[in-house]
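Q: Following this message is one structure expressed as structure tokens.
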Protein chains: 2
Amino acid sequence: MTQETQIEMNETLMAEARELDELWVRLSWTSHRRFEQELDRFNLTGPQFMALRSVHKCGNGCSMTELAGAAHQVSPTMTGIIDRLLERGLVERQRDPHDRRSLLVSLTDKGAAMLEAVAQQKRIRMAQFLAGIAPEERERIQQTLQQMLDFFAAEIVTTREEPVS
Amino acid sequence: MTQETQIEMNETLMAEARELDELWVRLSWTSHRRFEQELDRFNLTGPQFMALRSVHKCGNGCSMTELAGAAHQVSPTMTGIIDRLLERGLVERQRDPHDRRSLLVSLTDKGAAMLEAVAQQKRIRMAQFLAGIAPEERERIQQTLQQMLDFFAAEIVTTREEPVS
DNA sequence: TATTGTTATACTCTATAACTATA
DNA sequence: TATAGTTATAGAGTATAACAATA
């Protein structure tokens with residue numbers, strides 16, 4: 001490959017990247033706002049829903065550290081989120097008998113019902129979307145999103161990056 | 001189509017919807033957190049970046065109402081965001097001579113440079129993603145995201161939805 | 001000493017309600 | 001009266017620093 005072709009390819013790639021980034025910014029912001037609107041009916045916030053979902057997935061009780069890690073957050077943030085879910089009786093929190101520094105957070109029946117109601121609403125909306133898509137294209141959509149998730153998940157860092165001037 | 005087939009199709013659709021929703025929740029949350037990490041290098045928040053981007057697109061000055069609408073936000077929220085950008089000298093705000101109730105918000109040189117630096121970083125990252133995708137699949141990705149954007153954008157409502165018990 | 005988690009603090013985003021200025 | 005925008009207020013999420021309890 002000549003150097004010229006290399007440069008041309010890079011320019012094409014950058015042009016495509018610019019266009020795709022533009023689309024992605026709009027999609028992710030719109031979806032973010034839409035998501036919060038949906039949750040508002042249940043008096044839940046996005047982080048609260050994500051926390052409920054994580055607690056559900058843990059099964060036999062999550063530690064605060066696990067919950068914070070799952071949400072890519074720092075532990076004092078998760079303390080606040082769980083506190084508010086506790087006040088509303090959606091989760092419960094006990095000491096781990098095997099390590100009394102740790103806590104085990106789990107869903108109450110009320111919390112499980114709330115999570116299921118939200119998940120149901122979200123599934124219905126996604127089904128409405130899929131209904132407008134040709135069946136053979138649905139696989140393609142799943143592939144696309146999975147590729148993006150793999151990329152972004154690998155990019156998440158735990159250390160602060162070098163600030164710009 | 002028999003009723004049985006109808007039901008079977010709906011179940012298949014709901015199963016696919018469940019799977020896709022699960023993937024989408026993870027992708028959008030991960031991308032959201034990653035986005036904020038990237039912006040942190042510039043001491044910007046997500047809403048601040050979205051506002052800078054909207055101001056840039058308006059060209060000859062945006063009204064506060066336009067900015068709030070573009071971000072699906074309410075105007076006092078945008079007042080706060082723009083106030084902080086003003087303090088940092090990234091935007092300027094003047095009265096509209098044709099209607100002295102309105103304001104015209106525009107980018108300063110510093111704001112334009114900041115926006116360009118962020119956009120550059122985002123384009124590079126998206127190009128890194130695209131570099132791992134076969135060229136013939138890139139079109140497919142764009143189509144997928146566009147379909148999702150069309151769906152979510154249509155779903156955004158301005159009135160509050162019926163709360164759930 | 002190291003780990004788990006909370007408290008204290010400060011800042012941003014968010015919405016609603018009340019207000020001012022202009023049309 | 002209606003519209004554009006801000007101020008006042010309250011609550012949620014976020015991170016950092018300092019702390020307590022347990023290992």
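By order in the structure tokens, chains are A, B, ...; within a chain, residues start at 1; ligands start at 1, following the order shown.
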Would you list which chain D residues are within 12 Å of chain B using only C-alpha atoms (C1' of nucleotides), as an MDAnalysis selection string?
A: chainID D and resid 3:8 14:15
Q: Please identify every residue of chain A that has at least one atom no farther than 6 Å from an atom of chain B, counting only C-alpha atoms, and for each give the shortest atom pair and the distance in Å to one decimal, arranged by chain then increasing number, as JSON lines.
A:
```
{"residue": "A:Met14", "atom": "CA", "partner": "B:Ala127", "partner_atom": "CA", "distance": 5.9}
{"residue": "A:Ala17", "atom": "CA", "partner": "B:Ala127", "partner_atom": "CA", "distance": 5.0}
{"residue": "A:Arg18", "atom": "CA", "partner": "B:Arg123", "partner_atom": "CA", "distance": 5.3}
{"residue": "A:Leu27", "atom": "CA", "partner": "B:Leu149", "partner_atom": "CA", "distance": 5.1}
{"residue": "A:Arg34", "atom": "CA", "partner": "B:Ile156", "partner_atom": "CA", "distance": 5.7}
{"residue": "A:Arg41", "atom": "CA", "partner": "B:Pro163", "partner_atom": "CA", "distance": 4.1}
{"residue": "A:Phe42", "atom": "CA", "partner": "B:Val164", "partner_atom": "CA", "distance": 5.6}
{"residue": "A:Arg123", "atom": "CA", "partner": "B:Arg18", "partner_atom": "CA", "distance": 5.3}
{"residue": "A:Met126", "atom": "CA", "partner": "B:Ala17", "partner_atom": "CA", "distance": 5.3}
{"residue": "A:Ala127", "atom": "CA", "partner": "B:Ala17", "partner_atom": "CA", "distance": 5.0}
{"residue": "A:Ile141", "atom": "CA", "partner": "B:Thr144", "partner_atom": "CA", "distance": 5.9}
{"residue": "A:Thr144", "atom": "CA", "partner": "B:Ile141", "partner_atom": "CA", "distance": 5.9}
{"residue": "A:Leu149", "atom": "CA", "partner": "B:Leu27", "partner_atom": "CA", "distance": 5.1}
{"residue": "A:Ile156", "atom": "CA", "partner": "B:Arg34", "partner_atom": "CA", "distance": 5.7}
{"residue": "A:Pro163", "atom": "CA", "partner": "B:Arg41", "partner_atom": "CA", "distance": 4.1}
{"residue": "A:Val164", "atom": "CA", "partner": "B:Arg41", "partner_atom": "CA", "distance": 5.4}
```
Q: Select residues of chain C: the criterion is any atom within 10 Å of an atom of chain A, counting only C-alpha atoms (C1' of nucleotides); output as a ChimeraX atom specification.
A: /C:3-7
Q: For the strand (DSSP E) assignment from backbone DSSP, which residues of chain A qualify? Please present them as a list in words.
A: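 Output for chain A, strand (DSSP E) only: Val91, Glu92, Arg93, Gln94, Arg95, Asp96, Asp99, Arg100, Arg101, Ser102, Leu103, Leu104, Val105, Ser106 and Leu107 of chain A.
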Q: Could the residues in this selection be saved with all heavy atoms as a compact mmCIF listing (two decimals), in the first residue's frame?
A:
```txt
# COMPACT_ATOMS: atom_id res chain seq x y z
N VAL A 91 -35.07 -2.08 48.61
CA VAL A 91 -33.97 -3.02 48.86
C VAL A 91 -33.78 -3.15 50.37
O VAL A 91 -34.31 -2.35 51.14
CB VAL A 91 -32.62 -2.53 48.25
CG1 VAL A 91 -32.72 -2.40 46.74
CG2 VAL A 91 -32.18 -1.20 48.87
N GLU A 92 -33.03 -4.18 50.77
CA GLU A 92 -32.64 -4.28 52.17
C GLU A 92 -31.14 -4.55 52.26
O GLU A 92 -30.52 -4.99 51.30
CB GLU A 92 -33.45 -5.35 52.93
CG GLU A 92 -33.66 -6.63 52.18
CD GLU A 92 -34.72 -7.53 52.81
OE1 GLU A 92 -35.51 -7.05 53.63
OE2 GLU A 92 -34.73 -8.73 52.47
N ARG A 93 -30.58 -4.22 53.42
CA ARG A 93 -29.14 -4.24 53.57
C ARG A 93 -28.79 -4.92 54.89
O ARG A 93 -29.27 -4.51 55.94
CB ARG A 93 -28.67 -2.76 53.59
CG ARG A 93 -27.22 -2.54 53.42
CD ARG A 93 -26.89 -1.10 53.00
NE ARG A 93 -27.51 -0.08 53.84
CZ ARG A 93 -27.34 1.25 53.64
NH1 ARG A 93 -26.61 1.69 52.65
NH2 ARG A 93 -27.94 2.10 54.43
N GLN A 94 -27.97 -5.98 54.81
CA GLN A 94 -27.56 -6.67 56.03
C GLN A 94 -26.05 -6.83 56.03
O GLN A 94 -25.44 -6.86 54.99
CB GLN A 94 -28.15 -8.09 56.10
CG GLN A 94 -29.53 -8.26 55.58
CD GLN A 94 -29.90 -9.73 55.47
OE1 GLN A 94 -29.09 -10.61 55.76
NE2 GLN A 94 -31.13 -9.99 55.05
N ARG A 95 -25.51 -7.06 57.22
CA ARG A 95 -24.10 -7.36 57.34
C ARG A 95 -23.84 -8.74 56.77
O ARG A 95 -24.64 -9.67 56.97
CB ARG A 95 -23.64 -7.36 58.80
CG ARG A 95 -23.48 -5.99 59.41
CD ARG A 95 -22.19 -5.34 58.96
NE ARG A 95 -22.23 -3.88 59.16
CZ ARG A 95 -21.45 -3.03 58.52
NH1 ARG A 95 -20.56 -3.45 57.63
NH2 ARG A 95 -21.55 -1.75 58.73
N ASP A 96 -22.72 -8.92 56.12
CA ASP A 96 -22.28 -10.23 55.66
C ASP A 96 -21.71 -10.97 56.87
O ASP A 96 -20.74 -10.50 57.47
CB ASP A 96 -21.20 -10.05 54.59
CG ASP A 96 -20.70 -11.37 54.02
OD1 ASP A 96 -20.92 -12.41 54.66
OD2 ASP A 96 -20.09 -11.34 52.95
N ASP A 99 -17.94 -11.72 56.67
CA ASP A 99 -16.98 -10.60 56.72
C ASP A 99 -17.77 -9.36 57.14
O ASP A 99 -18.44 -8.75 56.33
CB ASP A 99 -16.34 -10.38 55.34
CG ASP A 99 -15.32 -9.24 55.37
OD1 ASP A 99 -15.32 -8.45 56.34
OD2 ASP A 99 -14.52 -9.13 54.42
N ARG A 100 -17.67 -9.05 58.41
CA ARG A 100 -18.56 -8.04 58.96
C ARG A 100 -18.25 -6.62 58.50
O ARG A 100 -18.95 -5.67 58.87
CB ARG A 100 -18.62 -8.14 60.49
CG ARG A 100 -19.22 -9.48 60.96
CD ARG A 100 -19.49 -9.52 62.45
NE ARG A 100 -20.19 -8.33 62.93
CZ ARG A 100 -21.48 -8.09 62.74
NH1 ARG A 100 -22.22 -8.97 62.09
NH2 ARG A 100 -22.03 -6.98 63.20
N ARG A 101 -17.25 -6.47 57.64
CA ARG A 101 -17.07 -5.15 57.01
C ARG A 101 -18.04 -4.98 55.85
O ARG A 101 -18.45 -3.87 55.53
CB ARG A 101 -15.63 -5.03 56.44
CG ARG A 101 -14.57 -5.01 57.49
CD ARG A 101 -13.21 -5.07 56.86
NE ARG A 101 -13.06 -6.27 56.02
CZ ARG A 101 -11.96 -6.59 55.34
NH1 ARG A 101 -10.91 -5.77 55.38
NH2 ARG A 101 -11.90 -7.68 54.64
N SER A 102 -18.37 -6.09 55.21
CA SER A 102 -19.20 -6.05 54.00
C SER A 102 -20.68 -5.99 54.30
O SER A 102 -21.13 -6.40 55.37
CB SER A 102 -18.94 -7.30 53.15
OG SER A 102 -17.72 -7.21 52.51
N LEU A 103 -21.43 -5.52 53.32
CA LEU A 103 -22.89 -5.53 53.39
C LEU A 103 -23.41 -6.43 52.29
O LEU A 103 -22.76 -6.62 51.26
CB LEU A 103 -23.43 -4.12 53.20
CG LEU A 103 -23.07 -3.13 54.30
CD1 LEU A 103 -23.50 -1.73 53.92
CD2 LEU A 103 -23.72 -3.54 55.61
N LEU A 104 -24.61 -6.96 52.50
CA LEU A 104 -25.29 -7.73 51.45
C LEU A 104 -26.59 -7.01 51.15
O LEU A 104 -27.49 -6.96 51.99
CB LEU A 104 -25.55 -9.16 51.91
CG LEU A 104 -24.29 -10.01 52.10
CD1 LEU A 104 -24.63 -11.37 52.70
CD2 LEU A 104 -23.56 -10.17 50.77
N VAL A 105 -26.66 -6.43 49.97
CA VAL A 105 -27.86 -5.70 49.56
C VAL A 105 -28.70 -6.63 48.70
O VAL A 105 -28.17 -7.28 47.80
CB VAL A 105 -27.50 -4.45 48.75
CG1 VAL A 105 -28.75 -3.67 48.38
CG2 VAL A 105 -26.52 -3.57 49.52
N SER A 106 -30.00 -6.69 48.99
CA SER A 106 -30.88 -7.54 48.17
C SER A 106 -32.21 -6.83 47.94
O SER A 106 -32.55 -5.87 48.63
CB SER A 106 -31.09 -8.89 48.85
OG SER A 106 -31.49 -8.69 50.19
N LEU A 107 -32.95 -7.31 46.95
CA LEU A 107 -34.25 -6.73 46.63
C LEU A 107 -35.30 -7.18 47.64
O LEU A 107 -35.30 -8.34 48.05
CB LEU A 107 -34.71 -7.19 45.24
CG LEU A 107 -34.01 -6.62 44.02
CD1 LEU A 107 -34.63 -7.20 42.75
CD2 LEU A 107 -34.08 -5.10 43.99
```
Q: Quick check, in Å to one decimal: how far apart do C1' of DT22 (chain D) and CA of Leu85 (chain A) lie?
A: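 For C1' of DT22 (chain D) relative to CA of Leu85 (chain A), the distance reads 25.6 Å.
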Q: Excluding Leu52 (chain A) and any residue of its chain fewer than 2 positions from it, enumerate the residues within 8 Å of it, using only C-alpha atoms (C1' of nucleotides), and give them as a PyMOL selection string.
A: chain A and resi 48-50+54-56+91+107+111+115
Q: When DSSP is applied to the backbone of this structure, which of chain A are assigned alpha helix (DSSP H)? Write them out as a PyMOL selection string.
A: chain A and resi 3-40+46-58+64-70+75-87+109-131+135-155
